[in-house]
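Participant: Contents of upload-v5.cif (mmCIF, N, CA and C atoms):
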data_data
loop_
_atom_site.label_atom_id
_atom_site.label_comp_id
_atom_site.auth_asym_id
_atom_site.auth_seq_id
_atom_site.Cartn_x
_atom_site.Cartn_y
_atom_site.Cartn_z
N MET K 131 3.52 -4.90 11.05
CA MET K 131 2.74 -5.04 9.84
C MET K 131 1.57 -4.06 9.90
N SER K 132 1.09 -3.71 8.71
CA SER K 132 -0.02 -2.76 8.68
C SER K 132 -0.93 -2.97 7.48
N ILE K 133 -2.16 -2.54 7.68
CA ILE K 133 -3.18 -2.54 6.64
C ILE K 133 -3.65 -1.11 6.49
N LEU K 134 -3.76 -0.65 5.25
CA LEU K 134 -4.28 0.68 4.95
C LEU K 134 -5.65 0.54 4.31
N VAL K 135 -6.63 1.21 4.87
CA VAL K 135 -7.98 1.24 4.30
C VAL K 135 -8.12 2.56 3.54
N ILE K 136 -8.42 2.45 2.26
CA ILE K 136 -8.63 3.64 1.43
C ILE K 136 -10.08 3.63 0.94
N THR K 137 -10.81 4.69 1.29
CA THR K 137 -12.19 4.80 0.85
C THR K 137 -12.29 5.91 -0.18
N GLY K 138 -12.95 5.60 -1.28
CA GLY K 138 -13.13 6.56 -2.35
C GLY K 138 -14.32 7.46 -2.10
N PRO K 139 -14.45 8.48 -2.93
CA PRO K 139 -15.58 9.41 -2.78
C PRO K 139 -16.90 8.72 -3.07
N ARG K 140 -17.93 9.20 -2.45
CA ARG K 140 -19.29 8.69 -2.62
C ARG K 140 -20.13 9.70 -3.38
N ASP K 141 -21.21 9.21 -3.97
CA ASP K 141 -22.13 10.11 -4.68
C ASP K 141 -22.69 11.18 -3.76
N ASP K 142 -22.85 10.85 -2.47
CA ASP K 142 -23.41 11.81 -1.52
C ASP K 142 -22.35 12.74 -0.94
N GLY K 143 -21.10 12.63 -1.44
CA GLY K 143 -20.04 13.51 -0.98
C GLY K 143 -19.31 13.02 0.26
N MET K 144 -19.80 11.94 0.85
CA MET K 144 -19.17 11.39 2.05
C MET K 144 -18.09 10.40 1.63
N ALA K 145 -16.99 10.37 2.37
CA ALA K 145 -15.90 9.47 2.01
C ALA K 145 -15.94 8.19 2.82
N ALA K 146 -16.22 8.26 4.10
CA ALA K 146 -16.18 7.08 4.96
C ALA K 146 -17.58 6.52 5.16
N PRO K 147 -17.86 5.26 4.74
CA PRO K 147 -19.20 4.71 4.84
C PRO K 147 -19.53 4.12 6.21
N LEU K 148 -18.56 4.09 7.13
CA LEU K 148 -18.79 3.47 8.42
C LEU K 148 -18.87 4.48 9.55
N ALA K 149 -19.65 4.14 10.56
CA ALA K 149 -19.72 4.98 11.75
C ALA K 149 -18.42 4.83 12.54
N ASP K 150 -18.13 5.81 13.34
CA ASP K 150 -16.90 5.78 14.14
C ASP K 150 -16.80 4.53 15.00
N ALA K 151 -17.92 4.09 15.58
CA ALA K 151 -17.90 2.90 16.43
C ALA K 151 -17.49 1.66 15.64
N ALA K 152 -17.98 1.53 14.41
CA ALA K 152 -17.63 0.37 13.58
C ALA K 152 -16.15 0.42 13.20
N MET K 153 -15.65 1.61 12.87
CA MET K 153 -14.23 1.74 12.53
C MET K 153 -13.36 1.42 13.74
N CYS K 154 -13.80 1.84 14.91
CA CYS K 154 -13.05 1.57 16.14
C CYS K 154 -12.98 0.07 16.41
N ARG K 155 -14.08 -0.65 16.20
CA ARG K 155 -14.07 -2.12 16.41
C ARG K 155 -13.10 -2.80 15.44
N LEU K 156 -13.07 -2.34 14.19
CA LEU K 156 -12.13 -2.91 13.22
C LEU K 156 -10.69 -2.64 13.64
N TRP K 157 -10.43 -1.42 14.09
CA TRP K 157 -9.10 -1.04 14.53
C TRP K 157 -8.68 -1.91 15.72
N GLU K 158 -9.60 -2.12 16.67
CA GLU K 158 -9.30 -2.96 17.83
C GLU K 158 -9.00 -4.40 17.43
N ARG K 159 -9.75 -4.94 16.47
CA ARG K 159 -9.49 -6.30 15.98
C ARG K 159 -8.10 -6.40 15.38
N ALA K 160 -7.74 -5.42 14.56
CA ALA K 160 -6.42 -5.44 13.93
C ALA K 160 -5.33 -5.33 14.99
N GLN K 161 -5.50 -4.43 15.94
CA GLN K 161 -4.51 -4.25 17.00
C GLN K 161 -4.32 -5.53 17.81
N SER K 162 -5.42 -6.21 18.09
CA SER K 162 -5.31 -7.45 18.88
C SER K 162 -4.57 -8.54 18.10
N ALA K 163 -4.51 -8.41 16.77
CA ALA K 163 -3.76 -9.36 15.95
C ALA K 163 -2.34 -8.86 15.68
N GLY K 164 -1.97 -7.73 16.28
CA GLY K 164 -0.64 -7.18 16.09
C GLY K 164 -0.45 -6.42 14.78
N ILE K 165 -1.56 -5.95 14.20
CA ILE K 165 -1.54 -5.24 12.92
C ILE K 165 -2.02 -3.81 13.13
N ASP K 166 -1.29 -2.85 12.58
CA ASP K 166 -1.75 -1.46 12.59
C ASP K 166 -2.76 -1.28 11.47
N LEU K 167 -3.82 -0.55 11.75
CA LEU K 167 -4.86 -0.28 10.75
C LEU K 167 -5.00 1.23 10.61
N SER K 168 -4.78 1.73 9.41
CA SER K 168 -4.90 3.17 9.13
C SER K 168 -6.00 3.40 8.13
N TRP K 169 -6.65 4.57 8.25
CA TRP K 169 -7.75 4.93 7.37
C TRP K 169 -7.40 6.17 6.56
N ARG K 170 -7.70 6.13 5.27
CA ARG K 170 -7.51 7.30 4.41
C ARG K 170 -8.79 7.52 3.60
N PRO K 171 -9.72 8.33 4.14
CA PRO K 171 -10.92 8.66 3.35
C PRO K 171 -10.56 9.71 2.31
N CYS K 172 -10.98 9.49 1.08
CA CYS K 172 -10.63 10.40 -0.02
C CYS K 172 -11.86 11.15 -0.51
N ARG K 173 -11.70 12.45 -0.65
CA ARG K 173 -12.81 13.30 -1.09
C ARG K 173 -13.03 13.26 -2.59
N ASP K 174 -11.95 12.94 -3.34
CA ASP K 174 -12.07 12.89 -4.80
C ASP K 174 -11.10 11.84 -5.35
N PHE K 175 -11.18 11.60 -6.65
CA PHE K 175 -10.39 10.52 -7.24
C PHE K 175 -8.91 10.88 -7.39
N HIS K 176 -8.61 12.16 -7.47
CA HIS K 176 -7.20 12.57 -7.49
C HIS K 176 -6.55 12.21 -6.14
N GLU K 177 -7.24 12.52 -5.06
CA GLU K 177 -6.75 12.18 -3.72
C GLU K 177 -6.63 10.66 -3.56
N LEU K 178 -7.57 9.92 -4.12
CA LEU K 178 -7.52 8.46 -4.07
C LEU K 178 -6.25 7.95 -4.75
N GLY K 179 -5.94 8.48 -5.92
CA GLY K 179 -4.72 8.09 -6.62
C GLY K 179 -3.47 8.39 -5.81
N CYS K 180 -3.46 9.55 -5.15
CA CYS K 180 -2.32 9.91 -4.30
C CYS K 180 -2.18 8.94 -3.13
N CYS K 181 -3.29 8.54 -2.54
CA CYS K 181 -3.25 7.58 -1.43
C CYS K 181 -2.71 6.23 -1.91
N LEU K 182 -3.13 5.81 -3.08
CA LEU K 182 -2.64 4.54 -3.63
C LEU K 182 -1.14 4.61 -3.90
N ARG K 183 -0.69 5.74 -4.40
CA ARG K 183 0.75 5.90 -4.69
C ARG K 183 1.56 5.95 -3.40
N GLY K 184 1.01 6.57 -2.34
CA GLY K 184 1.72 6.71 -1.08
C GLY K 184 1.77 5.40 -0.32
N GLY K 185 0.63 4.80 -0.11
CA GLY K 185 0.53 3.49 0.52
C GLY K 185 0.94 3.39 1.97
N ASP K 186 1.58 4.40 2.53
CA ASP K 186 1.99 4.38 3.95
C ASP K 186 2.78 3.15 4.35
N ASP K 187 3.49 2.54 3.41
CA ASP K 187 4.30 1.34 3.69
C ASP K 187 3.48 0.18 4.25
N ALA K 188 2.21 0.12 3.87
CA ALA K 188 1.34 -0.97 4.32
C ALA K 188 1.67 -2.26 3.57
N GLU K 189 1.40 -3.38 4.20
CA GLU K 189 1.59 -4.68 3.56
C GLU K 189 0.35 -5.13 2.79
N LEU K 190 -0.78 -4.46 3.05
CA LEU K 190 -2.04 -4.81 2.40
C LEU K 190 -2.93 -3.57 2.40
N ILE K 191 -3.72 -3.44 1.34
CA ILE K 191 -4.67 -2.33 1.24
C ILE K 191 -6.08 -2.89 1.12
N LEU K 192 -7.00 -2.30 1.87
CA LEU K 192 -8.43 -2.57 1.71
C LEU K 192 -8.97 -1.35 0.97
N LEU K 193 -9.56 -1.58 -0.19
CA LEU K 193 -9.97 -0.50 -1.09
C LEU K 193 -11.49 -0.50 -1.28
N ASP K 194 -12.11 0.61 -0.91
CA ASP K 194 -13.55 0.77 -1.06
C ASP K 194 -13.79 1.90 -2.06
N VAL K 195 -13.99 1.51 -3.32
CA VAL K 195 -14.26 2.49 -4.36
C VAL K 195 -15.13 1.84 -5.44
N ASP K 196 -16.06 2.60 -5.97
CA ASP K 196 -16.89 2.12 -7.08
C ASP K 196 -16.25 2.61 -8.37
N ALA K 197 -15.62 1.71 -9.10
CA ALA K 197 -14.90 2.09 -10.32
C ALA K 197 -15.83 2.67 -11.38
N ASP K 198 -17.11 2.33 -11.30
CA ASP K 198 -18.06 2.86 -12.28
C ASP K 198 -18.31 4.36 -12.11
N THR K 199 -17.92 4.92 -10.97
CA THR K 199 -18.15 6.35 -10.74
C THR K 199 -16.91 7.20 -11.02
N VAL K 200 -15.82 6.57 -11.45
CA VAL K 200 -14.59 7.31 -11.73
C VAL K 200 -14.78 8.12 -13.01
N PRO K 201 -14.60 9.43 -12.93
CA PRO K 201 -14.72 10.26 -14.14
C PRO K 201 -13.65 9.87 -15.17
N ALA K 202 -13.98 10.01 -16.42
CA ALA K 202 -13.06 9.63 -17.51
C ALA K 202 -11.70 10.29 -17.36
N CYS K 203 -11.66 11.51 -16.88
CA CYS K 203 -10.39 12.23 -16.74
C CYS K 203 -9.49 11.64 -15.65
N ASP K 204 -10.04 10.83 -14.75
CA ASP K 204 -9.26 10.25 -13.65
C ASP K 204 -8.91 8.78 -13.86
N ILE K 205 -9.45 8.15 -14.89
CA ILE K 205 -9.24 6.71 -15.08
C ILE K 205 -7.77 6.38 -15.30
N ALA K 206 -7.09 7.12 -16.15
CA ALA K 206 -5.68 6.82 -16.45
C ALA K 206 -4.82 6.91 -15.19
N GLY K 207 -5.04 7.93 -14.38
CA GLY K 207 -4.27 8.09 -13.15
C GLY K 207 -4.51 6.96 -12.16
N LEU K 208 -5.77 6.54 -12.01
CA LEU K 208 -6.07 5.42 -11.11
C LEU K 208 -5.52 4.12 -11.65
N ARG K 209 -5.60 3.92 -12.96
CA ARG K 209 -5.05 2.72 -13.58
C ARG K 209 -3.55 2.64 -13.29
N GLU K 210 -2.86 3.75 -13.47
CA GLU K 210 -1.42 3.80 -13.21
C GLU K 210 -1.10 3.52 -11.74
N ALA K 211 -1.87 4.14 -10.83
CA ALA K 211 -1.63 3.95 -9.40
C ALA K 211 -1.89 2.50 -8.98
N LEU K 212 -2.98 1.91 -9.46
CA LEU K 212 -3.28 0.51 -9.12
C LEU K 212 -2.23 -0.43 -9.71
N SER K 213 -1.83 -0.18 -10.93
CA SER K 213 -0.84 -1.05 -11.59
C SER K 213 0.50 -1.00 -10.88
N ALA K 214 0.82 0.11 -10.27
CA ALA K 214 2.12 0.28 -9.61
C ALA K 214 2.11 -0.13 -8.14
N LEU K 215 0.95 -0.54 -7.62
CA LEU K 215 0.89 -0.93 -6.20
C LEU K 215 1.90 -2.04 -5.92
N PRO K 216 2.75 -1.84 -4.92
CA PRO K 216 3.73 -2.88 -4.59
C PRO K 216 3.17 -3.94 -3.65
N VAL K 217 1.92 -3.78 -3.23
CA VAL K 217 1.29 -4.72 -2.28
C VAL K 217 -0.06 -5.17 -2.83
N PRO K 218 -0.58 -6.28 -2.32
CA PRO K 218 -1.91 -6.73 -2.75
C PRO K 218 -3.00 -5.86 -2.12
N TYR K 219 -4.19 -5.97 -2.71
CA TYR K 219 -5.33 -5.24 -2.15
C TYR K 219 -6.59 -6.09 -2.22
N ILE K 220 -7.51 -5.76 -1.32
CA ILE K 220 -8.82 -6.40 -1.24
C ILE K 220 -9.85 -5.32 -1.48
N GLU K 221 -10.78 -5.57 -2.39
CA GLU K 221 -11.84 -4.60 -2.65
C GLU K 221 -13.05 -4.87 -1.76
N ILE K 222 -13.74 -3.79 -1.39
CA ILE K 222 -14.93 -3.87 -0.55
C ILE K 222 -16.05 -3.11 -1.25
N HIS K 223 -17.22 -3.75 -1.33
CA HIS K 223 -18.40 -3.10 -1.92
C HIS K 223 -19.62 -3.41 -1.07
N ASP K 224 -20.51 -2.41 -0.93
CA ASP K 224 -21.76 -2.66 -0.22
C ASP K 224 -22.96 -2.64 -1.17
N ASP K 225 -22.65 -2.73 -2.46
CA ASP K 225 -23.69 -2.78 -3.48
C ASP K 225 -23.16 -3.67 -4.62
N SER K 226 -23.91 -4.66 -4.99
CA SER K 226 -23.44 -5.60 -6.02
C SER K 226 -23.35 -4.97 -7.40
N ARG K 227 -23.88 -3.75 -7.55
CA ARG K 227 -23.78 -3.06 -8.84
C ARG K 227 -22.51 -2.22 -8.96
N GLU K 228 -21.73 -2.12 -7.89
CA GLU K 228 -20.50 -1.33 -7.94
C GLU K 228 -19.45 -2.03 -8.78
N GLY K 229 -18.69 -1.25 -9.52
CA GLY K 229 -17.64 -1.79 -10.38
C GLY K 229 -16.34 -2.00 -9.62
N ASP K 230 -15.67 -3.10 -9.92
CA ASP K 230 -14.37 -3.40 -9.30
C ASP K 230 -13.28 -2.51 -9.89
N ALA K 231 -12.46 -1.96 -9.02
CA ALA K 231 -11.33 -1.15 -9.46
C ALA K 231 -10.31 -2.00 -10.20
N SER K 232 -10.27 -3.29 -9.90
CA SER K 232 -9.30 -4.16 -10.57
C SER K 232 -9.56 -4.23 -12.07
N ALA K 233 -10.78 -3.88 -12.51
CA ALA K 233 -11.06 -3.83 -13.95
C ALA K 233 -10.26 -2.71 -14.61
N LEU K 234 -9.86 -1.71 -13.83
CA LEU K 234 -9.05 -0.61 -14.37
C LEU K 234 -7.60 -1.03 -14.58
N ALA K 235 -7.15 -2.02 -13.80
CA ALA K 235 -5.75 -2.47 -13.89
C ALA K 235 -5.71 -3.99 -13.90
N PRO K 236 -6.07 -4.61 -15.03
CA PRO K 236 -6.14 -6.07 -15.09
C PRO K 236 -4.82 -6.77 -14.78
N GLY K 237 -3.70 -6.07 -14.90
CA GLY K 237 -2.41 -6.67 -14.59
C GLY K 237 -2.15 -6.76 -13.10
N HIS K 238 -2.97 -6.12 -12.28
CA HIS K 238 -2.80 -6.15 -10.83
C HIS K 238 -4.19 -6.30 -10.20
N PRO K 239 -4.80 -7.48 -10.33
CA PRO K 239 -6.15 -7.67 -9.80
C PRO K 239 -6.16 -7.74 -8.27
N ALA K 240 -7.33 -7.52 -7.70
CA ALA K 240 -7.51 -7.64 -6.26
C ALA K 240 -7.33 -9.09 -5.84
N LEU K 241 -6.88 -9.30 -4.60
CA LEU K 241 -6.83 -10.66 -4.06
C LEU K 241 -8.22 -11.26 -4.04
N VAL K 242 -9.18 -10.43 -3.63
CA VAL K 242 -10.57 -10.85 -3.56
C VAL K 242 -11.43 -9.58 -3.54
N SER K 243 -12.65 -9.72 -3.98
CA SER K 243 -13.60 -8.63 -3.91
C SER K 243 -14.73 -9.06 -2.97
N VAL K 244 -14.91 -8.32 -1.89
CA VAL K 244 -15.93 -8.64 -0.89
C VAL K 244 -17.15 -7.77 -1.18
N VAL K 245 -18.29 -8.42 -1.38
CA VAL K 245 -19.53 -7.70 -1.66
C VAL K 245 -20.59 -8.16 -0.67
N VAL K 246 -21.04 -7.23 0.18
CA VAL K 246 -22.12 -7.51 1.12
C VAL K 246 -23.16 -6.41 0.89
N PRO K 247 -24.15 -6.68 0.02
CA PRO K 247 -25.13 -5.65 -0.32
C PRO K 247 -25.84 -5.07 0.90
N GLY K 248 -25.79 -3.74 0.98
CA GLY K 248 -26.51 -3.04 2.02
C GLY K 248 -25.90 -3.09 3.41
N ASN K 249 -24.71 -3.66 3.57
CA ASN K 249 -24.13 -3.78 4.90
C ASN K 249 -22.62 -3.53 4.83
N ALA K 250 -22.25 -2.27 4.79
CA ALA K 250 -20.83 -1.90 4.68
C ALA K 250 -20.02 -2.45 5.84
N ALA K 251 -20.58 -2.41 7.06
CA ALA K 251 -19.83 -2.88 8.24
C ALA K 251 -19.48 -4.36 8.10
N ALA K 252 -20.41 -5.17 7.62
CA ALA K 252 -20.14 -6.60 7.44
C ALA K 252 -19.09 -6.82 6.35
N GLY K 253 -19.13 -6.01 5.30
CA GLY K 253 -18.13 -6.12 4.24
C GLY K 253 -16.74 -5.78 4.73
N TYR K 254 -16.64 -4.72 5.51
CA TYR K 254 -15.34 -4.35 6.07
C TYR K 254 -14.84 -5.41 7.04
N ASP K 255 -15.74 -5.94 7.84
CA ASP K 255 -15.37 -6.98 8.80
C ASP K 255 -14.84 -8.22 8.07
N MET K 256 -15.53 -8.62 7.02
CA MET K 256 -15.10 -9.78 6.25
C MET K 256 -13.76 -9.52 5.56
N ALA K 257 -13.61 -8.34 4.97
CA ALA K 257 -12.36 -8.00 4.29
C ALA K 257 -11.19 -7.97 5.28
N LEU K 258 -11.44 -7.43 6.47
CA LEU K 258 -10.39 -7.41 7.49
C LEU K 258 -10.02 -8.82 7.91
N SER K 259 -11.01 -9.69 8.07
CA SER K 259 -10.73 -11.09 8.43
C SER K 259 -9.84 -11.75 7.38
N ILE K 260 -10.18 -11.55 6.13
CA ILE K 260 -9.37 -12.12 5.04
C ILE K 260 -7.97 -11.52 5.06
N GLY K 261 -7.89 -10.21 5.25
CA GLY K 261 -6.59 -9.54 5.28
C GLY K 261 -5.71 -10.01 6.43
N LEU K 262 -6.30 -10.15 7.61
CA LEU K 262 -5.52 -10.63 8.76
C LEU K 262 -5.02 -12.04 8.52
N ARG K 263 -5.87 -12.87 7.96
CA ARG K 263 -5.46 -14.25 7.66
C ARG K 263 -4.34 -14.27 6.61
N TYR K 264 -4.48 -13.45 5.59
CA TYR K 264 -3.47 -13.36 4.54
C TYR K 264 -2.12 -12.94 5.13
N LEU K 265 -2.13 -11.92 5.96
CA LEU K 265 -0.88 -11.44 6.55
C LEU K 265 -0.29 -12.47 7.51
N ALA K 266 -1.13 -13.15 8.27
CA ALA K 266 -0.64 -14.18 9.19
C ALA K 266 0.00 -15.32 8.42
N ASP K 267 -0.62 -15.74 7.32
CA ASP K 267 -0.04 -16.82 6.49
C ASP K 267 1.25 -16.36 5.86
N GLY K 268 1.32 -15.12 5.42
CA GLY K 268 2.54 -14.59 4.81
C GLY K 268 3.67 -14.50 5.81
N ALA K 269 3.35 -14.15 7.06
CA ALA K 269 4.38 -14.05 8.09
C ALA K 269 4.95 -15.42 8.39
N ARG K 270 4.11 -16.45 8.42
CA ARG K 270 4.60 -17.81 8.67
C ARG K 270 5.46 -18.30 7.52
N LEU K 271 5.08 -17.96 6.29
CA LEU K 271 5.85 -18.40 5.14
C LEU K 271 7.21 -17.71 5.08
N ALA K 272 7.26 -16.46 5.54
CA ALA K 272 8.52 -15.71 5.50
C ALA K 272 9.48 -16.13 6.60
N ALA K 273 8.97 -16.72 7.65
CA ALA K 273 9.81 -17.10 8.81
C ALA K 273 10.66 -18.30 8.53
#
Rewrite the structure from the file as structure tokens, please.

Facilitator:
Amino acid sequence: MSILVITGPRDDGMAAPLADAAMCRLWERAQSAGIDLSWRPCRDFHELGCCLRGGDDAELILLDVDADTVPACDIAGLREALSALPVPYIEIHDDSREGDASALAPGHPALVSVVVPGNAAAGYDMALSIGLRYLADGARLAA
């Protein structure tokens, strides 16, 4: 099983909001639960749409993007990519003013939106905990 983390572009041009040490701890937690964790930082919204369409055969996606910053020319593409996702996703925000991407695709809402203002690491940690629990429950139901 696997989880794909997709991070959208930031106003400051940076894609990944976490330090390498924090990402490594999340990866170790996932590995100890028997889950592969992959990261796809996106420099722009076109790349974000491509990552959503590709999905790397993940069973769950953790999505960190502020929908309010999506340029009008990219909204249709992201809406299409989110609507076509074959797996559930969890949104992560470190600012309560960030817009949920699920508003772009109301037919495919997020399982949950995790908002921890000012603490991206705590938000990712919480989202991963929810994701691991979701996958563990799904594995038991499928058995």

Participant: Under the PyMOL selection byres ((chain K and resi 243) around 8), which residues of this model are included? Write them out as a list of chain:residue names.

Facilitator: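 Applied to this file, the PyMOL selection byres ((chain K and resi 243) around 8) returns K:Tyr219, K:Ile220, K:Glu221, K:Ile222, K:His223, K:Asp230, K:Ala240, K:Leu241, K:Val242, K:Val244, K:Val245, K:Val246, K:Ala257.
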
Participant: Using all atoms listed in the file, can you list as a list in words the residues within 5 Å of (0.4, 0.3, -2.8)?

Facilitator: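 Here the neighbourhood of the point contains Leu182, Gly185, Leu215, Pro216 and Val217 of chain K.
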
Participant: I'd like the interatomic distance between atom C of Leu193 in chain K and CA of Ala231 in chain K, to a tenth of an Å.

Facilitator: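 These atoms are spaced 8.2 Å apart.
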
Participant: Got a sec to tell me which of chain K DSSP assigns to alpha helix (DSSP H), as JSON, numbers by chain?

Facilitator: {"K": [150, 151, 152, 153, 154, 155, 156, 157, 158, 159, 160, 161, 162, 175, 176, 177, 178, 179, 180, 181, 182, 183, 184, 202, 203, 204, 205, 206, 207, 208, 209, 210, 211, 212, 213, 250, 251, 252, 253, 254, 255, 256, 257, 258, 259, 260, 261, 262, 263, 264, 265, 266, 267, 268, 269, 270, 271, 272]}

Participant: Show me, as a list in words, the residues that have an atom within 7 Å of Leu234 in chain K when counting all atoms listed in the file, minus same-chain residues fewer than 4 positions from it.

Facilitator: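 Near Leu234 in chain K, the qualifying residues are Leu208, Arg209, Glu210, Ser213 and Asp230 of chain K.
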
Participant: What is the distance between atom N of Ala250 in chain K and atom C of Ser226 in chain K, in Å to one decimal?

Facilitator: 12.5 Å

Participant: Just checking: using only C-alpha atoms, which residue out of K:Leu262, K:Gly207, K:Ile165, K:Asp150 ends up closest to Ser132 in chain K?

Facilitator: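 Nearest candidate to Ser132 in chain K out of K:Leu262, K:Gly207, K:Ile165, K:Asp150: K:Ile165.
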
Participant: Distance atom N of Val200 in chain K-atom N of Pro236 in chain K, one decimal place?

Facilitator: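 These two atoms are separated by 15.3 Å.
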
Participant: For Arg140 in chain K, which of K:Ala163, K:Cys181, K:Val195, K:Met153 is the closest residue, counting all atoms listed in the file?

Facilitator: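 Smallest separation from Arg140 in chain K among the options: K:Val195.
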
Participant: Going by the chain IDs and residue numbers used in this file, which residues fall under the PyMOL selection byres ((chain K and resi 171) around 7)? Write them as a list of chain:residue names.

Facilitator: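 For this structure, the PyMOL selection byres ((chain K and resi 171) around 7) captures K:Val135, K:Ile136, K:Thr137, K:Gly138, K:Pro139, K:Ala145, K:Ala146, K:Trp169, K:Arg170, K:Cys172, K:Arg173, K:Asp174.
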
Participant: Now that the selection is made, can you save its residues with N, CA and C atoms as a compact mmCIF listing (two decimals), in the coordinates of the input?

Facilitator:
# COMPACT_ATOMS: atom_id res chain seq x y z
N VAL K 135 -6.63 1.21 4.87
CA VAL K 135 -7.98 1.24 4.30
C VAL K 135 -8.12 2.56 3.54
N ILE K 136 -8.42 2.45 2.26
CA ILE K 136 -8.63 3.64 1.43
C ILE K 136 -10.08 3.63 0.94
N THR K 137 -10.81 4.69 1.29
CA THR K 137 -12.19 4.80 0.85
C THR K 137 -12.29 5.91 -0.18
N GLY K 138 -12.95 5.60 -1.28
CA GLY K 138 -13.13 6.56 -2.35
C GLY K 138 -14.32 7.46 -2.10
N PRO K 139 -14.45 8.48 -2.93
CA PRO K 139 -15.58 9.41 -2.78
C PRO K 139 -16.90 8.72 -3.07
N ALA K 145 -16.99 10.37 2.37
CA ALA K 145 -15.90 9.47 2.01
C ALA K 145 -15.94 8.19 2.82
N ALA K 146 -16.22 8.26 4.10
CA ALA K 146 -16.18 7.08 4.96
C ALA K 146 -17.58 6.52 5.16
N TRP K 169 -6.65 4.57 8.25
CA TRP K 169 -7.75 4.93 7.37
C TRP K 169 -7.40 6.17 6.56
N ARG K 170 -7.70 6.13 5.27
CA ARG K 170 -7.51 7.30 4.41
C ARG K 170 -8.79 7.52 3.60
N CYS K 172 -10.98 9.49 1.08
CA CYS K 172 -10.63 10.40 -0.02
C CYS K 172 -11.86 11.15 -0.51
N ARG K 173 -11.70 12.45 -0.65
CA ARG K 173 -12.81 13.30 -1.09
C ARG K 173 -13.03 13.26 -2.59
N ASP K 174 -11.95 12.94 -3.34
CA ASP K 174 -12.07 12.89 -4.80
C ASP K 174 -11.10 11.84 -5.35

Participant: For this structure, which residues satisfy the selection - the PyMOL selection byres ((chain K and resi 189) around 6.5) - when it is evaluated on the file as given? I want them as a list of chain:residue names.

Facilitator: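 Output of the PyMOL selection byres ((chain K and resi 189) around 6.5): K:Met131, K:Ser132, K:Ile133, K:Leu134, K:Asp187, K:Ala188, K:Leu190, K:Ile191, K:Val217, K:Pro218.
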
Participant: If DSSP is run on the backbone, what residues of chain K are strand (DSSP E or B)? A reply as a ChimeraX atom specification would be ideal.

Facilitator: /K:132-137,166-171,190-194,219-223,242-245

Participant: Since we have the selection now, will you write its residues out, keeping N, CA and C atoms, as a CSV table (one decimal), in the frame of the given file?

Facilitator:
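File produced: selection-v5.csv:
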chain,number,residue,atom,x,y,z
K,132,SER,N,1.1,-3.7,8.7
K,132,SER,CA,0.0,-2.8,8.7
K,132,SER,C,-0.9,-3.0,7.5
K,133,ILE,N,-2.2,-2.5,7.7
K,133,ILE,CA,-3.2,-2.5,6.6
K,133,ILE,C,-3.6,-1.1,6.5
K,134,LEU,N,-3.8,-0.6,5.2
K,134,LEU,CA,-4.3,0.7,5.0
K,134,LEU,C,-5.6,0.5,4.3
K,135,VAL,N,-6.6,1.2,4.9
K,135,VAL,CA,-8.0,1.2,4.3
K,135,VAL,C,-8.1,2.6,3.5
K,136,ILE,N,-8.4,2.4,2.3
K,136,ILE,CA,-8.6,3.6,1.4
K,136,ILE,C,-10.1,3.6,0.9
K,137,THR,N,-10.8,4.7,1.3
K,137,THR,CA,-12.2,4.8,0.8
K,137,THR,C,-12.3,5.9,-0.2
K,166,ASP,N,-1.3,-2.8,12.6
K,166,ASP,CA,-1.8,-1.5,12.6
K,166,ASP,C,-2.8,-1.3,11.5
K,167,LEU,N,-3.8,-0.6,11.8
K,167,LEU,CA,-4.9,-0.3,10.8
K,167,LEU,C,-5.0,1.2,10.6
K,168,SER,N,-4.8,1.7,9.4
K,168,SER,CA,-4.9,3.2,9.1
K,168,SER,C,-6.0,3.4,8.1
K,169,TRP,N,-6.6,4.6,8.2
K,169,TRP,CA,-7.8,4.9,7.4
K,169,TRP,C,-7.4,6.2,6.6
K,170,ARG,N,-7.7,6.1,5.3
K,170,ARG,CA,-7.5,7.3,4.4
K,170,ARG,C,-8.8,7.5,3.6
K,171,PRO,N,-9.7,8.3,4.1
K,171,PRO,CA,-10.9,8.7,3.4
K,171,PRO,C,-10.6,9.7,2.3
K,190,LEU,N,-0.8,-4.5,3.0
K,190,LEU,CA,-2.0,-4.8,2.4
K,190,LEU,C,-2.9,-3.6,2.4
K,191,ILE,N,-3.7,-3.4,1.3
K,191,ILE,CA,-4.7,-2.3,1.2
K,191,ILE,C,-6.1,-2.9,1.1
K,192,LEU,N,-7.0,-2.3,1.9
K,192,LEU,CA,-8.4,-2.6,1.7
K,192,LEU,C,-9.0,-1.4,1.0
K,193,LEU,N,-9.6,-1.6,-0.2
K,193,LEU,CA,-10.0,-0.5,-1.1
K,193,LEU,C,-11.5,-0.5,-1.3
K,194,ASP,N,-12.1,0.6,-0.9
K,194,ASP,CA,-13.6,0.8,-1.1
K,194,ASP,C,-13.8,1.9,-2.1
K,219,TYR,N,-4.2,-6.0,-2.7
K,219,TYR,CA,-5.3,-5.2,-2.2
K,219,TYR,C,-6.6,-6.1,-2.2
K,220,ILE,N,-7.5,-5.8,-1.3
K,220,ILE,CA,-8.8,-6.4,-1.2
K,220,ILE,C,-9.8,-5.3,-1.5
K,221,GLU,N,-10.8,-5.6,-2.4
K,221,GLU,CA,-11.8,-4.6,-2.6
K,221,GLU,C,-13.0,-4.9,-1.8
K,222,ILE,N,-13.7,-3.8,-1.4
K,222,ILE,CA,-14.9,-3.9,-0.6
K,222,ILE,C,-16.0,-3.1,-1.2
K,223,HIS,N,-17.2,-3.8,-1.3
K,223,HIS,CA,-18.4,-3.1,-1.9
K,223,HIS,C,-19.6,-3.4,-1.1
K,242,VAL,N,-9.2,-10.4,-3.6
K,242,VAL,CA,-10.6,-10.8,-3.6
K,242,VAL,C,-11.4,-9.6,-3.5
K,243,SER,N,-12.6,-9.7,-4.0
K,243,SER,CA,-13.6,-8.6,-3.9
K,243,SER,C,-14.7,-9.1,-3.0
K,244,VAL,N,-14.9,-8.3,-1.9
K,244,VAL,CA,-15.9,-8.6,-0.9
K,244,VAL,C,-17.2,-7.8,-1.2
K,245,VAL,N,-18.3,-8.4,-1.4
K,245,VAL,CA,-19.5,-7.7,-1.7
K,245,VAL,C,-20.6,-8.2,-0.7
